Structure formats: C-alpha cells, structure tokens
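File shown: model_8.csv (CSV, C-alpha atoms and all ligand atoms).
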```csv
chain,number,residue,atom,x,y,z
A,1,MET,CA,-15.3,26.0,0.3
A,2,SER,CA,-13.0,23.3,1.6
A,3,VAL,CA,-13.4,19.8,0.1
A,4,SER,CA,-15.0,17.4,2.6
A,5,TRP,CA,-13.9,13.8,3.2
A,6,GLU,CA,-17.3,12.6,1.9
A,7,THR,CA,-16.7,14.5,-1.4
A,8,LEU,CA,-13.3,12.9,-1.8
A,9,CYS,CA,-14.7,9.4,-1.1
A,10,GLN,CA,-17.5,10.1,-3.7
A,11,ALA,CA,-14.8,11.1,-6.2
A,12,MET,CA,-13.1,7.7,-5.7
A,13,VAL,CA,-16.4,5.9,-6.3
A,14,ARG,CA,-16.8,7.9,-9.6
A,15,ALA,CA,-13.3,7.0,-10.6
A,16,ARG,CA,-14.1,3.4,-10.2
A,17,GLU,CA,-17.2,3.8,-12.4
A,18,VAL,CA,-15.3,5.6,-15.1
A,19,ARG,CA,-12.6,3.0,-15.1
A,20,ARG,CA,-14.8,0.0,-15.0
A,21,LEU,CA,-17.5,1.3,-17.4
A,22,GLY,CA,-15.0,3.1,-19.7
A,23,GLY,CA,-17.0,6.3,-19.5
A,24,ASP,CA,-15.9,9.9,-20.2
A,25,ALA,CA,-13.3,10.8,-17.6
A,26,ARG,CA,-13.1,14.5,-18.4
A,27,PRO,CA,-15.9,15.7,-16.1
A,28,LEU,CA,-14.4,13.9,-13.2
A,29,ILE,CA,-10.9,15.2,-14.0
A,30,ALA,CA,-12.3,18.7,-14.2
A,31,ASP,CA,-13.9,18.2,-10.8
A,32,LEU,CA,-10.7,16.9,-9.3
A,33,THR,CA,-8.8,19.9,-10.7
A,34,ALA,CA,-11.5,22.2,-9.1
A,35,MET,CA,-11.1,20.3,-5.8
A,36,ARG,CA,-7.3,20.8,-5.9
A,37,SER,CA,-7.7,24.6,-6.2
A,38,GLN,CA,-10.4,24.6,-3.5
A,39,GLY,CA,-8.2,22.8,-1.0
A,40,SER,CA,-9.2,20.9,2.0
A,41,ALA,CA,-8.7,20.6,5.8
A,42,ILE,CA,-8.1,16.8,5.3
A,43,PRO,CA,-4.4,16.3,6.2
A,44,ALA,CA,-2.3,15.3,3.2
A,45,PHE,CA,-5.2,16.0,0.9
A,46,GLY,CA,-2.9,16.4,-2.1
A,47,ALA,CA,-1.6,12.9,-1.7
A,48,LEU,CA,-5.1,11.5,-1.4
A,49,LEU,CA,-6.4,13.5,-4.4
A,50,ASP,CA,-3.4,12.3,-6.5
A,51,LEU,CA,-4.4,8.7,-5.6
A,52,VAL,CA,-8.0,9.3,-6.8
A,53,GLU,CA,-6.7,10.9,-10.0
A,54,ALA,CA,-4.4,7.9,-10.7
A,55,ALA,CA,-7.4,5.6,-10.1
A,56,VAL,CA,-9.4,7.3,-12.9
A,57,ARG,CA,-6.7,6.3,-15.4
A,58,GLY,CA,-6.4,2.6,-14.3
A,59,PRO,CA,-5.5,0.1,-11.6
A,60,VAL,CA,-3.3,1.5,-8.8
A,61,ALA,CA,-1.3,-0.2,-6.1
A,62,VAL,CA,-0.1,2.1,-3.4
A,63,GLY,CA,2.3,0.8,-0.7
A,64,GLN,CA,2.5,2.2,2.8
A,65,SER,CA,5.0,1.8,5.5
A,66,GLY,CA,5.2,3.4,8.9
A,67,GLN,CA,8.8,3.7,9.9
A,68,THR,CA,11.3,5.3,12.2
A,69,LEU,CA,13.9,7.8,11.0
A,70,ASP,CA,16.4,4.9,10.8
A,71,GLY,CA,14.0,2.9,8.6
A,72,ARG,CA,12.6,0.4,11.1
A,73,ILE,CA,9.0,-0.8,11.0
A,74,ALA,CA,9.0,-2.9,14.2
A,75,THR,CA,11.2,-3.9,17.0
A,76,GLU,CA,13.4,-7.0,16.7
A,77,ARG,CA,10.6,-9.2,18.1
A,78,GLY,CA,8.1,-7.6,15.7
A,79,HIS,CA,6.3,-5.1,18.0
A,80,SER,CA,5.0,-2.2,15.8
A,81,HIS,CA,2.0,-0.7,17.7
A,82,TYR,CA,2.6,2.0,17.1
A,83,VAL,CA,5.6,3.4,15.2
A,84,ASN,CA,3.6,6.5,14.1
A,85,GLY,CA,1.5,9.1,15.9
A,86,PRO,CA,-2.3,9.4,15.7
A,87,GLU,CA,-2.3,11.7,12.6
A,88,ALA,CA,-0.4,9.2,10.6
A,89,LEU,CA,-2.7,6.4,11.7
A,90,ASP,CA,-5.7,8.5,10.6
A,91,HIS,CA,-4.0,8.8,7.2
A,92,LEU,CA,-3.6,5.0,7.0
A,93,HIS,CA,-7.3,4.6,7.8
A,94,ARG,CA,-8.2,7.1,5.1
A,95,LEU,CA,-6.1,5.1,2.6
A,96,ARG,CA,-8.0,1.9,3.6
A,97,ALA,CA,-11.3,3.7,3.1
A,98,LEU,CA,-10.4,4.9,-0.4
A,99,VAL,CA,-9.0,1.6,-1.7
A,100,ASP,CA,-10.9,-1.6,-2.9
A,101,ALA,CA,-8.5,-4.0,-1.2
A,102,VAL,CA,-5.7,-4.1,1.3
A,103,VAL,CA,-2.9,-6.7,1.1
A,104,VAL,CA,-0.7,-8.0,4.0
A,105,GLY,CA,1.8,-10.8,4.2
A,106,ALA,CA,1.3,-13.8,6.3
A,107,GLY,CA,4.1,-12.5,8.6
A,108,THR,CA,2.0,-9.5,9.6
A,109,LEU,CA,-1.1,-11.7,10.0
A,110,ARG,CA,0.9,-13.9,12.4
A,111,THR,CA,2.6,-11.1,14.3
A,112,ASP,CA,0.0,-8.3,14.5
A,113,ASP,CA,-3.4,-10.1,14.1
A,114,PRO,CA,-4.7,-7.0,12.3
A,115,SER,CA,-8.3,-6.1,11.5
A,116,LEU,CA,-7.4,-4.0,8.5
A,117,THR,CA,-10.8,-2.2,8.9
A,118,VAL,CA,-11.6,1.5,8.7
A,119,ARG,CA,-12.1,2.8,12.2
A,120,ARG,CA,-10.5,6.2,12.4
A,121,CYS,CA,-12.6,7.9,9.7
A,122,ALA,CA,-15.9,7.3,7.9
A,123,GLY,CA,-15.8,4.8,5.1
A,124,ASP,CA,-16.2,1.3,3.9
A,125,ASN,CA,-13.9,-1.5,4.9
A,126,PRO,CA,-11.7,-2.8,2.0
A,127,THR,CA,-11.5,-6.4,1.1
A,128,ARG,CA,-8.6,-8.0,3.0
A,129,VAL,CA,-6.0,-10.0,1.2
A,130,VAL,CA,-3.4,-12.3,2.8
A,131,LEU,CA,-0.4,-13.4,0.9
A,132,ALA,CA,0.1,-17.1,1.9
A,133,GLY,CA,3.6,-18.4,1.7
A,134,THR,CA,5.0,-21.7,2.8
A,135,ALA,CA,3.8,-21.7,6.4
A,136,ARG,CA,0.2,-22.5,7.6
A,137,ILE,CA,-2.1,-19.5,7.7
A,138,PRO,CA,-3.6,-19.3,11.2
A,139,ARG,CA,-7.3,-19.3,10.8
A,140,ASP,CA,-8.0,-18.0,14.3
A,141,ARG,CA,-7.0,-14.5,13.3
A,142,LYS,CA,-9.5,-11.6,13.7
A,143,LEU,CA,-10.0,-10.9,10.0
A,144,PHE,CA,-11.2,-14.5,9.4
A,145,LYS,CA,-13.8,-14.2,12.2
A,146,ASP,CA,-15.1,-10.6,12.3
A,147,ASP,CA,-17.3,-10.5,9.1
A,148,ALA,CA,-16.3,-6.9,8.7
A,149,ALA,CA,-15.3,-7.4,5.0
A,150,PRO,CA,-14.4,-10.3,2.7
A,151,THR,CA,-11.0,-11.9,3.3
A,152,LEU,CA,-9.1,-13.6,0.5
A,153,VAL,CA,-6.1,-15.8,0.8
A,154,THR,CA,-3.8,-16.3,-2.2
A,155,GLY,CA,-3.8,-19.8,-3.5
A,156,VAL,CA,-7.1,-20.5,-1.7
A,157,ASP,CA,-9.5,-17.7,-2.8
A,158,LEU,CA,-7.3,-16.1,-5.4
A,159,PRO,CA,-5.9,-18.2,-8.2
A,160,CYS,CA,-2.2,-17.3,-7.9
A,161,GLU,CA,0.3,-20.0,-8.7
A,162,PRO,CA,3.3,-20.0,-6.4
A,163,ASP,CA,6.8,-20.5,-7.9
A,164,GLY,CA,9.3,-23.1,-6.8
A,165,ASP,CA,10.0,-21.1,-3.6
A,166,GLY,CA,6.3,-20.9,-2.7
A,167,LEU,CA,6.1,-17.2,-3.8
A,168,VAL,CA,3.4,-15.7,-5.9
A,169,ASP,CA,4.2,-13.0,-8.4
A,170,PRO,CA,2.9,-9.6,-7.1
A,171,ARG,CA,1.7,-8.8,-10.6
A,172,GLY,CA,-0.4,-12.0,-10.7
A,173,VAL,CA,-1.9,-11.0,-7.3
A,174,LEU,CA,-2.9,-7.6,-8.7
A,175,GLU,CA,-4.3,-9.2,-11.9
A,176,SER,CA,-6.4,-11.7,-9.9
A,177,LEU,CA,-7.7,-8.9,-7.7
A,178,SER,CA,-8.6,-6.8,-10.8
A,179,ALA,CA,-10.6,-9.8,-12.1
A,180,PHE,CA,-12.7,-9.5,-8.9
A,181,GLY,CA,-13.2,-5.8,-9.6
A,182,LEU,CA,-10.6,-4.8,-7.0
A,183,ASP,CA,-8.1,-2.5,-8.7
A,184,VAL,CA,-7.2,0.2,-6.3
A,185,VAL,CA,-5.0,-1.7,-3.8
A,186,LEU,CA,-3.2,-0.8,-0.7
A,187,VAL,CA,-0.1,-2.9,0.1
A,188,GLU,CA,0.1,-2.4,3.8
A,189,GLY,CA,3.1,-4.5,4.6
A,190,GLY,CA,5.2,-6.0,6.1
A,191,ALA,CA,8.7,-5.5,4.8
A,192,LYS,CA,8.9,-8.7,2.7
A,193,THR,CA,5.6,-8.1,1.1
A,194,LEU,CA,6.2,-4.5,0.3
A,195,SER,CA,9.7,-5.2,-0.9
A,196,ARG,CA,8.5,-7.8,-3.4
A,197,PHE,CA,5.8,-5.5,-4.8
A,198,LEU,CA,8.4,-2.7,-5.1
A,199,ALA,CA,11.0,-5.0,-6.7
A,200,ALA,CA,8.4,-6.3,-9.2
A,201,GLY,CA,7.7,-2.7,-10.2
A,202,CYS,CA,4.1,-3.1,-9.0
A,203,LEU,CA,3.8,0.0,-6.8
A,204,SER,CA,2.7,3.1,-8.6
A,205,ARG,CA,3.0,5.1,-5.4
A,206,LEU,CA,4.4,4.6,-1.9
A,207,HIS,CA,3.3,6.4,1.2
A,208,LEU,CA,6.1,6.4,3.7
A,209,LEU,CA,5.1,7.6,7.1
A,210,VAL,CA,8.2,8.6,9.0
A,211,ALA,CA,8.2,9.1,12.8
A,212,PRO,CA,10.8,11.3,14.5
A,213,THR,CA,12.1,8.2,16.3
A,214,ILE,CA,15.3,6.3,16.2
A,215,LEU,CA,15.2,2.6,17.2
A,216,GLY,CA,18.8,1.7,16.3
A,217,SER,CA,17.7,-1.9,16.0
A,218,GLY,CA,14.6,-3.8,14.8
A,219,ARG,CA,13.1,-4.8,11.5
A,220,ALA,CA,14.0,-2.9,8.4
A,221,GLY,CA,11.2,-1.5,6.3
A,222,PHE,CA,12.6,-2.8,3.0
A,223,MET,CA,14.7,-5.8,2.1
A,224,LEU,CA,16.1,-5.5,-1.4
A,225,ASP,CA,19.0,-6.9,-3.2
A,226,ALA,CA,22.4,-5.3,-2.3
A,227,VAL,CA,23.7,-2.8,-4.8
A,228,ASP,CA,27.3,-1.6,-5.1
A,229,THR,CA,26.9,2.1,-5.8
A,230,MET,CA,24.4,4.8,-5.1
A,231,ASP,CA,23.8,5.1,-8.8
A,232,GLU,CA,21.9,1.8,-8.5
A,233,ALA,CA,19.6,3.0,-5.7
A,234,ARG,CA,15.9,3.2,-6.3
A,235,ARG,CA,14.9,6.9,-6.7
A,236,PHE,CA,11.5,8.5,-6.3
A,237,SER,CA,10.0,11.9,-6.9
A,238,SER,CA,8.7,13.0,-3.5
A,239,THR,CA,6.0,15.3,-2.1
A,240,ARG,CA,6.1,15.8,1.7
A,241,TYR,CA,3.2,16.4,4.1
A,242,ASP,CA,3.2,17.0,7.8
A,243,LEU,CA,1.0,14.6,9.7
A,244,GLY,CA,1.3,15.7,13.3
A,245,ALA,CA,4.9,15.0,14.4
A,246,ASP,CA,5.3,12.6,11.5
A,247,THR,CA,6.1,13.2,7.8
A,248,LEU,CA,4.4,11.6,4.9
A,249,PHE,CA,6.6,11.1,1.9
A,250,ASP,CA,4.3,10.5,-1.1
A,251,LEU,CA,6.7,8.8,-3.4
A,252,VAL,CA,6.4,8.0,-7.1
A,253,PRO,CA,9.0,5.6,-8.5
A,254,GLU,CA,11.2,7.3,-11.2
A,255,ARG,CA,10.8,5.6,-14.5
A,256,LEU,CA,13.8,3.6,-15.7
A,257,GLU,CA,15.1,3.3,-19.1
A,258,PRO,CA,14.1,0.0,-20.7
A,259,ASP,CA,17.6,-1.5,-20.4
A,260,GLU,CA,17.9,-0.5,-16.8
A,261,GLU,CA,14.5,-2.0,-16.1
A,262,ARG,CA,15.5,-5.3,-17.7
A,263,GLY,CA,18.7,-5.5,-15.7
A,264,ARG,CA,16.8,-4.7,-12.5
A,265,GLU,CA,14.2,-7.4,-13.2
A,266,ILE,CA,17.1,-9.9,-13.3
A,267,SER,CA,18.6,-8.8,-10.1
A,268,ASP,CA,15.1,-8.6,-8.4
A,269,ALA,CA,14.9,-12.3,-8.7
A,270,ALA,CA,17.3,-12.4,-5.8
A,271,VAL,CA,15.1,-10.3,-3.5
A,272,VAL,CA,15.1,-11.8,0.0
A,273,ARG,CA,13.1,-15.0,0.2
B,1,LIG,N1,5.1,-0.3,10.5
B,1,LIG,C1,4.3,-0.7,9.5
B,1,LIG,O1,3.8,0.1,8.7
B,1,LIG,C2,4.0,-2.2,9.4
B,1,LIG,C3,3.0,-2.6,8.5
B,1,LIG,C4,2.8,-4.0,8.4
B,1,LIG,C5,3.6,-4.9,9.2
B,1,LIG,N2,4.5,-4.4,10.0
B,1,LIG,C6,5.4,-5.3,10.8
B,1,LIG,O2,6.1,-6.1,9.8
B,1,LIG,C7,6.5,-7.3,10.5
B,1,LIG,C8,6.1,-8.4,9.5
B,1,LIG,O3,6.8,-8.2,8.3
B,1,LIG,P1,7.6,-9.4,7.5
B,1,LIG,O4,8.4,-8.8,6.5
B,1,LIG,O5,8.2,-10.3,8.5
B,1,LIG,O6,6.3,-10.2,6.9
B,1,LIG,P2,5.2,-9.9,5.9
B,1,LIG,O7,5.7,-9.2,4.7
B,1,LIG,O8,4.0,-9.4,6.6
B,1,LIG,O9,4.8,-11.4,5.5
B,1,LIG,C9,5.8,-12.2,4.9
B,1,LIG,C10,5.3,-13.5,4.6
B,1,LIG,O10,4.1,-13.4,3.8
B,1,LIG,C11,4.1,-14.4,2.8
B,1,LIG,N3,4.4,-13.7,1.5
B,1,LIG,C12,4.8,-12.4,1.3
B,1,LIG,N4,4.9,-12.2,0.0
B,1,LIG,C13,4.6,-13.3,-0.6
B,1,LIG,C14,4.5,-13.7,-2.0
B,1,LIG,N5,4.9,-12.8,-3.0
B,1,LIG,N6,4.2,-14.9,-2.2
B,1,LIG,C15,3.8,-15.8,-1.3
B,1,LIG,N7,3.9,-15.5,0.0
B,1,LIG,C16,4.3,-14.3,0.4
B,1,LIG,C17,5.3,-15.3,3.2
B,1,LIG,O11,4.7,-16.2,4.1
B,1,LIG,P3,5.4,-17.5,4.8
B,1,LIG,O12,6.2,-17.0,5.9
B,1,LIG,O13,4.2,-18.3,5.3
B,1,LIG,O14,6.2,-18.2,3.7
B,1,LIG,C18,6.2,-14.4,3.9
B,1,LIG,O15,7.2,-15.0,4.7
B,1,LIG,C19,5.7,-7.4,11.8
B,1,LIG,O16,6.6,-7.1,12.8
B,1,LIG,C20,4.7,-6.3,11.6
B,1,LIG,O17,4.4,-5.7,12.9
B,1,LIG,C21,4.8,-3.1,10.2
```

Written as structure tokens, how would this file's structure read?
Ligand SMILES: NC(=O)c1ccc[n+]([C@@H]2O[C@H](COP(=O)([O-])OP(=O)(O)OC[C@H]3O[C@@H](n4cnc5c(N)ncnc54)[C@H](OP(=O)(O)O)[C@@H]3O)[C@@H](O)[C@H]2O)c1
Amino acid sequence: MSVSWETLCQAMVRAREVRRLGGDARPLIADLTAMRSQGSAIPAFGALLDLVEAAVRGPVAVGQSGQTLDGRIATERGHSHYVNGPEALDHLHRLRALVDAVVVGAGTLRTDDPSLTVRRCAGDNPTRVVLAGTARIPRDRKLFKDDAAPTLVTGVDLPCEPDGDGLVDPRGVLESLSAFGLDVVLVEGGAKTLSRFLAAGCLSRLHLLVAPTILGSGRAGFMLDAVDTMDEARRFSSTRYDLGADTLFDLVPERLEPDEERGREISDAAVVR
C-alpha cells in the first residue's frame, strides 16, 4: 500500500520526538525503510523521506530555490511569482509542512510580502523567521499580521549578534532556533540568504527546483565568492525527481577534506554583503 502524506507527516513528528527525547530511533528507522520499499504517490517522495530520515539523526537545514535553467530566481526588478509550475509549488508547501521553521531574508520580505504558510497540502504552518540586516524591517507585511504562525525576527526575537557588517552568522541562527525546539529548518531564500547559509556550511540538503525556462537576465540564485578554476566549484551528490515540467535536484554537499574546508571558510568571509 502506498505511503500517504499523513503517514509521512506523522513520521516527521516521531523523528522530532526521538531527537528531542533521545529515544530509541531503531523502530522509526525500520518504519522508514519499510515506507521506502512501499513507495508513495507523493511526488519526490524519496527526497521527503530522506529529509525525515536526516531529522531522526539531528538538526537539519534544507535550502530551497526555484530557478530557471540559467540560474535566475527572479526578474531584474525582483518579480518571482512564479518561476516554477504548480507541482514544484506543491513540493515547496510540503517542505513547509514538514519543517519546524522557515527562514527568509529581509529582501524577500520586502519584495514578495510572503505568507510562508502551508496552503497547497494538509499540514501545520511552520514558525516564520526573518533575517534582519541593516535596513528597517517593514512591520506592515502579511506574516506580522495574519496570526497564522509565530514570526521571529533575528536580533529582536532571536538572540543573534550581528557582526560589524550587520550580518548574523547562519550557524548562530540555527542554534538559536534549536534552543526554541525548532531544528528542522527550511531556508527558503532569497539568494543572499541562501548563499550565506551555503557558504557557512549550514545546509545539509538543497532542493533546487529547476523550471525549463530561460530568462537571460534577472537575479541569480546564488552569489558566492569567485573561484579561478572548476576544481574549486562546490559539488554535490544529486538525486533528480520530475515535478511536472520542472526538475527537483535533491542535493547533498560533498564533504570536504579538513584543509579544504578551512581554506573555504576563509574565502567565504568574502561572500557578497
Ligand atoms: N525563486 C525562489 O525560490 C525565491 C525564493 C525567495 C526569494 N526569491 C526572490 O529573491 C529576491 C530577494 O533575494 P535577495 O537575495 O535580494 O534577498 P534575501 O536573501 O531575501 O534578503 C537579503 C537581506 O536579508 C538580510 N539578511 C540576509 N542574510 C542575513 C544575515 N546572515 N544576517 C543579517 N541579515 C541578513 C539583509 O537585510 P538588509 O537588506 O536589511 O541588510 C539582506 O540584505 C526577491 O526578488 C524574491 O522574489 C526567490
């Protein structure tokens, strides 16, 4: 019998209990293995099951980006509704339903005025988290007014100390959220936010939703330090899923040797401000 969405959501609730209470994970792992062999009609089921399995072991931060074939997440003036088709949007809402918290940068708050709620599938709304930088956070945005879920702003509701450039360390954000019991986190964008989490080595997985569209202009999905050769490119192991006309790349960063990691940390300090 095919695994239902409700069963998958319950597995995530059990993962949270095992992680938080330090219980025996083996029965849940056995159930997840059985669910994998059963299969499911849920699109990209394998990617969602992998997320639940990772959440049994410890805190997880998954990044998502909806982009064109040429790596754009919005037009030049910031219009992004919608890069992807309905099946990919459904997937994004399933991710929101599975996680404890969803993080966006102040830029996305200003440009998109997102609700960050679960509307395209059954499930609970995640806690919304806004990364506040140097500019004022507009308090007239939907997520401050709708009472759909708690909304936390870094530096106000989350004790994250900004550095000299007004930036908070992504690792510190995740630690603060974990202290609130929120340790399965979706980093939903935009580019600056996602890039900083990626550069800081804070994303255990990345769901890249690629639409068969070319913009040829517009905002790039990632803004990282320039590298000289392809040897220095960030590499991932990848599993692909069809989501309607779009393709989901479920990416797991390749582990670096300790020396490479150290070198990269130094150069990551220069990630776009
Ligand atoms: N296609 C998609 O999947 C998708 C998803 C989300 C967003 N988008 C698009 O992405 C665009 C916005 O992206 P963006 O790169 O301009 O902005 P962003 O990443 O949403 O927000 C960047 C801003 O957030 C604050 N911020 C981010 N990281 C921070 C940190 N570590 N510490 C402190 N503050 C931090 C800063 O605010 P200050 O500016 O106040 O300093 C920064 O300028 C919009 O066009 C939106 O439509 C697309």

Could the residues that lie within 8 Å of ligand LIG 1 (chain B), counting all atoms listed in the file, be listed as a PyMOL selection string?
chain A and resi 64-67+72-84+104-112+130-137+154+162+166-170+188-197+209+219+221+273

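What separates atom CA of Glu254 of chain A from atom CA of Phe222 of chain A is a distance of 17.5 Å.
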
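For Leu203 of chain A, the list of residues within 7 Å, based on all atoms listed in the file and with local chain neighbours fewer than 6 positions off taken out, reads Ala61, Val62, Gly63 and Phe197 of chain A.
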
Which protein, DNA or RNA residues are at most 6 Å from (-8.1, 12.3, -15.5) in the file's coordinates when you count all atoms listed in the file, listed as an NGL selection string?
:A and (25 or 29 or 53 or 56)

Determine, counting all atoms listed in the file, every residue of protein, DNA or RNA that lies within 9 Å of (-10.4, -5.2, 0.8) in the file coordinates, then give the result as a ChimeraX atom specification.
/A:96,99-103,116-117,125-129,149-152,182,185-186

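Proximity ranking of A:Gly23, A:Pro59, A:Gly71, A:Pro86 relative to Val210 of chain A places A:Gly71 first, based on only C-alpha atoms.
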
Would you pick out the contacts of Ala11 of chain A at 8 Å or less, using all atoms listed in the file, so that residues sharing its chain but fewer than 6 positions from it are not included, and give the list as a PyMOL selection string?
chain A and resi 28+32+52

Find the nearest atom pair between each residue of segment 62-94 of chain A and segment 238-251 of chain A for residues within 7 Å, count all atoms listed in the file, give distances in Å to one decimal, sort rows by chain and ascending number, and present the table as a tab-separated table.
```
residue	atom	partner	partner_atom	distance
A:Asn84	CA	A:Asp246	CA	6.8
A:Gly85	CA	A:Asp246	CA	6.8
A:Glu87	CA	A:Leu243	CA	5.3
A:Ala88	CA	A:Leu243	CA	5.7
```

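Across the model, the gap from atom CA of Asp157 of chain A to atom CA of Pro138 of chain A is 15.3 Å.
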
For atom CA of Asp231 of chain A and atom CA of Ala199 of chain A, quote the distance in Å rounded to one decimal.
16.4 Å

As a list in words, please: the residues near Arg26 of chain A (cut-off 12 Å, only C-alpha atoms, same-chain neighbours under 5 positions excluded).
Arg14, Ala15, Val18, Arg19, Asp31, Leu32, Thr33, Glu53, Val56 and Arg57 of chain A

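Minimum atom-to-atom distance to Cys9 of chain A, evaluated using all atoms listed in the file, belongs to A:Asp124 out of A:Asp24, A:Asp90, A:Asp124, A:Asp183.
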